[in-house]
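Undergrad: Structure provided below as structure tokens; questions to follow.
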Amino acid sequence: MERREFILASSGYALSALGLPDMDSITRRTKTALPGAVRVGQGEVAAVRHMVKALGDSASELGGGHARHLAVRYLTQDVAPWLEGHFTEATGRDLFAATSQLVHLAGWMAQDEGDTPELRGLAQRYYAHSFRLAAEAGDPELSATALRGLAVQCVDLGYRAEAVQLGEACVEYGRHLDNPRAVAYYEATLANAAAQDDDRRMATKHLAISEAAIGKPTAAAGDSWAAHYSPGRWAHESGMILSRLGDLDAAEEHLHLALDIHGLDRRRTRAIVLADLGGVRLRQGDVDGAVATWSDFLDCADGIRSVKVQAALQDMRVRLRRYSGVQGAAELRERAARIAS
């Protein structure tokens with residue numbers, strides 16, 4: 001399948017499904033479980049949520065390539081039989097919501113593991129399946145998050161119109177959530193897609209909405225999937241949106257803020273922020289600042305299995321070729337080559 005056909009299939013699937021959420025499927029399942037099906041309660045739901053957190057923490061630290069097969073094995077061998085088990089309607093909705101998170105995590109891991117047709121296809125299918133599970137659970141936040149995954153995938157592959165379309169659907173699903181971080185998460189997704197589409201008006205509008213939302217006090221995180229979207233993560237994403245829009249001074253300020261308030265406990269996150277900050281400094285003409293920042297990036301990047309980190313390593317090496325006479329540039333390229341190999 002050609003890349004454009006691949007991503008159109010993903011966006012078409014998700015958007016057509018928006019009008020067809022099967023809100024009664026779990027009710028039917030409580031009446032039609034096969035004889036001998038395993039009994040499922042809140043203990044199993046708690047187990048899925050715990051595994052999502054444990055596997056997600058590992059992937060955030062070391063990259064999606066480190067633990068994806070563990071997530072898939074747990075999903076297929078442990079969780080799949082529970083989805084066909086005996087449960088009450090309330091437990092069923094909680095189980096499907098928790099499984100939507102696990103499936104979404106598997107999609108993120110596949111997307112972060114590498115940029116191959118196979119892994120792109122896996123991510124697409126996981127995100128689409130996560131959306132269906134969330135729709136069956138009746139959870140608009142998880143539905144919006146699954147659509148966000150597809151939108152980000154479109155952005156990464158350069159399918160700008162599809163990214164905007166999915167971003168708009170993502171915002172619509174999250175519009176009535178009483179969760180400022182979730183609203184900020186989805187509005188920033190649309191702002192990013194619009195910036196990639198060179199639509200400054202739309203990008204600026206939704207970035208402002210996102211900023212207003214992230215600045216509001218939030219209740220206890222609970223089980224919110226968007227709880228991890230901290231002000232620091234927002235600062236990183238907004239910094240890159242501003243960079244795309246050409247406001248490099250504001251972009252640098254936001255990236256510094258991201259480093260100050262988020263990412264110190266996550267090597268992958270910090271590495272990516274440092275890589276982006278080095279690129280912004282280079283575009284500003286601050287070559288020495290870029291070299292210093294990229295040196296810190298390499299300190300974080302070693303051992304991380306993430307396509308974003310690998311892409312940043314390659315981007316840095318290419319950009320430094322023209323600065324072979326700058327002190328430290330050649331050494332950085334050599335270090336990057338060793339890490340990438």
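We label chains A, B, ... in the order they appear in the structure tokens, count residues from 1 in each chain, and number ligands from 1 in the order shown.
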Skipping near chain neighbours, those fewer than 5 positions away, what residues fall within 12 Å of stretch 209-213 of chain A using only C-alpha atoms, listed as a VMD selection string?

TA: chain A and resid 171 175 177 to 192 202 to 204 218 229 to 235 237 to 239 241 254

Undergrad: Could you write those residues out with C-alpha atoms, as a PDB file, in the first residue's frame?

TA:
ATOM      1  CA  VAL A 171     -11.315  18.968  19.403  1.00  0.00           C
ATOM      2  CA  ARG A 175     -15.167  20.169  23.561  1.00  0.00           C
ATOM      3  CA  LEU A 177     -14.979  17.770  28.816  1.00  0.00           C
ATOM      4  CA  ASP A 178     -14.597  19.263  32.284  1.00  0.00           C
ATOM      5  CA  ASN A 179     -10.842  18.729  32.124  1.00  0.00           C
ATOM      6  CA  PRO A 180      -8.652  21.715  31.187  1.00  0.00           C
ATOM      7  CA  ARG A 181      -5.614  19.565  30.435  1.00  0.00           C
ATOM      8  CA  ALA A 182      -7.591  17.435  28.005  1.00  0.00           C
ATOM      9  CA  VAL A 183      -8.907  20.551  26.255  1.00  0.00           C
ATOM     10  CA  ALA A 184      -5.359  21.958  26.049  1.00  0.00           C
ATOM     11  CA  TYR A 185      -4.122  18.604  24.685  1.00  0.00           C
ATOM     12  CA  TYR A 186      -6.609  18.480  21.826  1.00  0.00           C
ATOM     13  CA  GLU A 187      -6.539  22.185  20.975  1.00  0.00           C
ATOM     14  CA  ALA A 188      -2.737  22.034  20.709  1.00  0.00           C
ATOM     15  CA  THR A 189      -3.098  19.045  18.382  1.00  0.00           C
ATOM     16  CA  LEU A 190      -5.235  21.086  16.017  1.00  0.00           C
ATOM     17  CA  ALA A 191      -2.906  24.092  16.332  1.00  0.00           C
ATOM     18  CA  ASN A 192       0.036  21.893  15.384  1.00  0.00           C
ATOM     19  CA  MET A 202      -6.137  28.684  12.663  1.00  0.00           C
ATOM     20  CA  ALA A 203      -2.882  27.711  14.377  1.00  0.00           C
ATOM     21  CA  THR A 204      -2.743  30.951  16.373  1.00  0.00           C
ATOM     22  CA  THR A 218      -7.071  21.102  37.256  1.00  0.00           C
ATOM     23  CA  TYR A 229      -0.226  16.537  29.408  1.00  0.00           C
ATOM     24  CA  SER A 230       1.569  18.792  31.834  1.00  0.00           C
ATOM     25  CA  PRO A 231       2.340  22.498  31.388  1.00  0.00           C
ATOM     26  CA  GLY A 232       5.839  21.377  30.443  1.00  0.00           C
ATOM     27  CA  ARG A 233       4.630  19.136  27.655  1.00  0.00           C
ATOM     28  CA  TRP A 234       2.420  21.974  26.483  1.00  0.00           C
ATOM     29  CA  ALA A 235       5.438  24.314  26.521  1.00  0.00           C
ATOM     30  CA  GLU A 237       4.564  21.411  21.816  1.00  0.00           C
ATOM     31  CA  SER A 238       3.700  25.108  21.691  1.00  0.00           C
ATOM     32  CA  GLY A 239       7.385  25.943  21.242  1.00  0.00           C
ATOM     33  CA  ILE A 241       4.316  25.290  16.809  1.00  0.00           C
ATOM     34  CA  HIS A 254       8.911  27.909  25.485  1.00  0.00           C
TER      35      HIS A 254
END

Undergrad: Could you check the closest approach to A:Ala227 for each of A:Glu141, A:Thr91, A:Val280, A:Ala71 and tell me which residue wins, using only C-alpha atoms?

TA: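 Residue with the minimum atom-to-atom distance to A:Ala227: A:Glu141.
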
Undergrad: Hey, could you make a per-residue contact list for stretch 117-221 of chain A against stretch 284-307 of chain A with 12 Å as the cut-off, showing the nearest pair of atoms and its distance in Å to one decimal, counting only C-alpha atoms, sorted by chain and number, as a Markdown table?

TA:
| residue | atom | partner | partner_atom | distance |
| --- | --- | --- | --- | --- |
| A:Leu119 | CA | A:Val307 | CA | 10.8 |
| A:Arg120 | CA | A:Val307 | CA | 11.5 |
| A:Asp156 | CA | A:Val307 | CA | 11.1 |

Undergrad: Need to verify the contact set: A:Gly64, 10 Å, only C-alpha atoms, exclusion of same-chain residues closer than 2 positions in sequence. Can you return it as a ChimeraX atom specification?

TA: /A:55-56,58-62,66-69,105-114,268,304-307

Undergrad: Tell me, which residues of stretch 15-156 of chain A carry DSSP alpha helix (DSSP H), written as a VMD selection string?

TA: chain A and resid 15 to 17 25 to 32 42 to 62 68 to 74 80 to 83 89 to 113 117 to 137 140 to 156

Undergrad: Would you mind listing what lies within 8 Å of stretch 312-325 of chain A as a tab-separated table (two decimals) with C-alpha atoms, in the first residue's frame, with only C-alpha atoms counted and same-chain residues fewer than 5 positions away left out?

TA:
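The new file out07.tsv reads:
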chain	number	residue	atom	x	y	z
A	272	ILE	CA	13.72	15.41	22.20
A	275	ALA	CA	17.24	18.31	20.11
A	276	ASP	CA	14.47	20.75	19.17
A	279	GLY	CA	17.62	23.29	16.05
A	294	TRP	CA	23.08	19.25	21.15
A	330	ALA	CA	32.99	17.45	14.37
A	332	LEU	CA	29.25	15.96	18.00
A	333	ARG	CA	28.82	14.35	14.59
A	336	ALA	CA	25.91	11.03	17.09
A	337	ALA	CA	27.12	8.44	14.58
A	340	ALA	CA	22.84	5.96	15.95

Undergrad: Could you jot down the atom CA of A:Leu142 to atom CA of A:Ala128 separation for me, Å, one decimal place?

TA: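 Computing it gives 11.6 Å between the two atoms.
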
Undergrad: Please report the interatomic distance between atom CA of A:Arg270 and atom CA of A:Met240 in Å with one decimal.

TA: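 A separation of 14.3 Å between them.
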
Undergrad: Interatomic distance between atom CA of A:Gly63 and atom CA of A:Thr99?

TA: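 Distance between the two atoms: 20.8 Å.
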
Undergrad: Please provide the set of residues having any atom within 10 Å of A:Thr27, restricted to only C-alpha atoms, with same-chain residues fewer than 6 positions apart removed, written as a PyMOL selection string.

TA: chain A and resi 87-90+92-93+136

Undergrad: Using N, CA and C atoms, can you export the residues from the last selection as a PDB file, in the first residue's frame?

TA:
ATOM      1  N   PHE A  87     -19.225  -9.959  32.618  1.00  0.00           N
ATOM      2  CA  PHE A  87     -19.032  -8.770  33.439  1.00  0.00           C
ATOM      3  C   PHE A  87     -20.319  -7.959  33.464  1.00  0.00           C
ATOM      4  N   THR A  88     -20.450  -7.116  34.464  1.00  0.00           N
ATOM      5  CA  THR A  88     -21.579  -6.197  34.516  1.00  0.00           C
ATOM      6  C   THR A  88     -21.357  -5.081  33.496  1.00  0.00           C
ATOM      7  N   GLU A  89     -22.404  -4.341  33.232  1.00  0.00           N
ATOM      8  CA  GLU A  89     -22.272  -3.250  32.259  1.00  0.00           C
ATOM      9  C   GLU A  89     -21.273  -2.209  32.740  1.00  0.00           C
ATOM     10  N   ALA A  90     -21.319  -1.854  34.025  1.00  0.00           N
ATOM     11  CA  ALA A  90     -20.381  -0.841  34.538  1.00  0.00           C
ATOM     12  C   ALA A  90     -18.948  -1.337  34.431  1.00  0.00           C
ATOM     13  N   GLY A  92     -17.873  -3.593  32.368  1.00  0.00           N
ATOM     14  CA  GLY A  92     -17.553  -3.683  30.943  1.00  0.00           C
ATOM     15  C   GLY A  92     -17.099  -2.355  30.369  1.00  0.00           C
ATOM     16  N   ARG A  93     -17.781  -1.290  30.749  1.00  0.00           N
ATOM     17  CA  ARG A  93     -17.377   0.023  30.234  1.00  0.00           C
ATOM     18  C   ARG A  93     -15.997   0.411  30.768  1.00  0.00           C
ATOM     19  N   GLU A 136     -17.206   2.374  22.286  1.00  0.00           N
ATOM     20  CA  GLU A 136     -18.064   1.388  22.951  1.00  0.00           C
ATOM     21  C   GLU A 136     -18.160   1.653  24.445  1.00  0.00           C
TER      22      GLU A 136
END
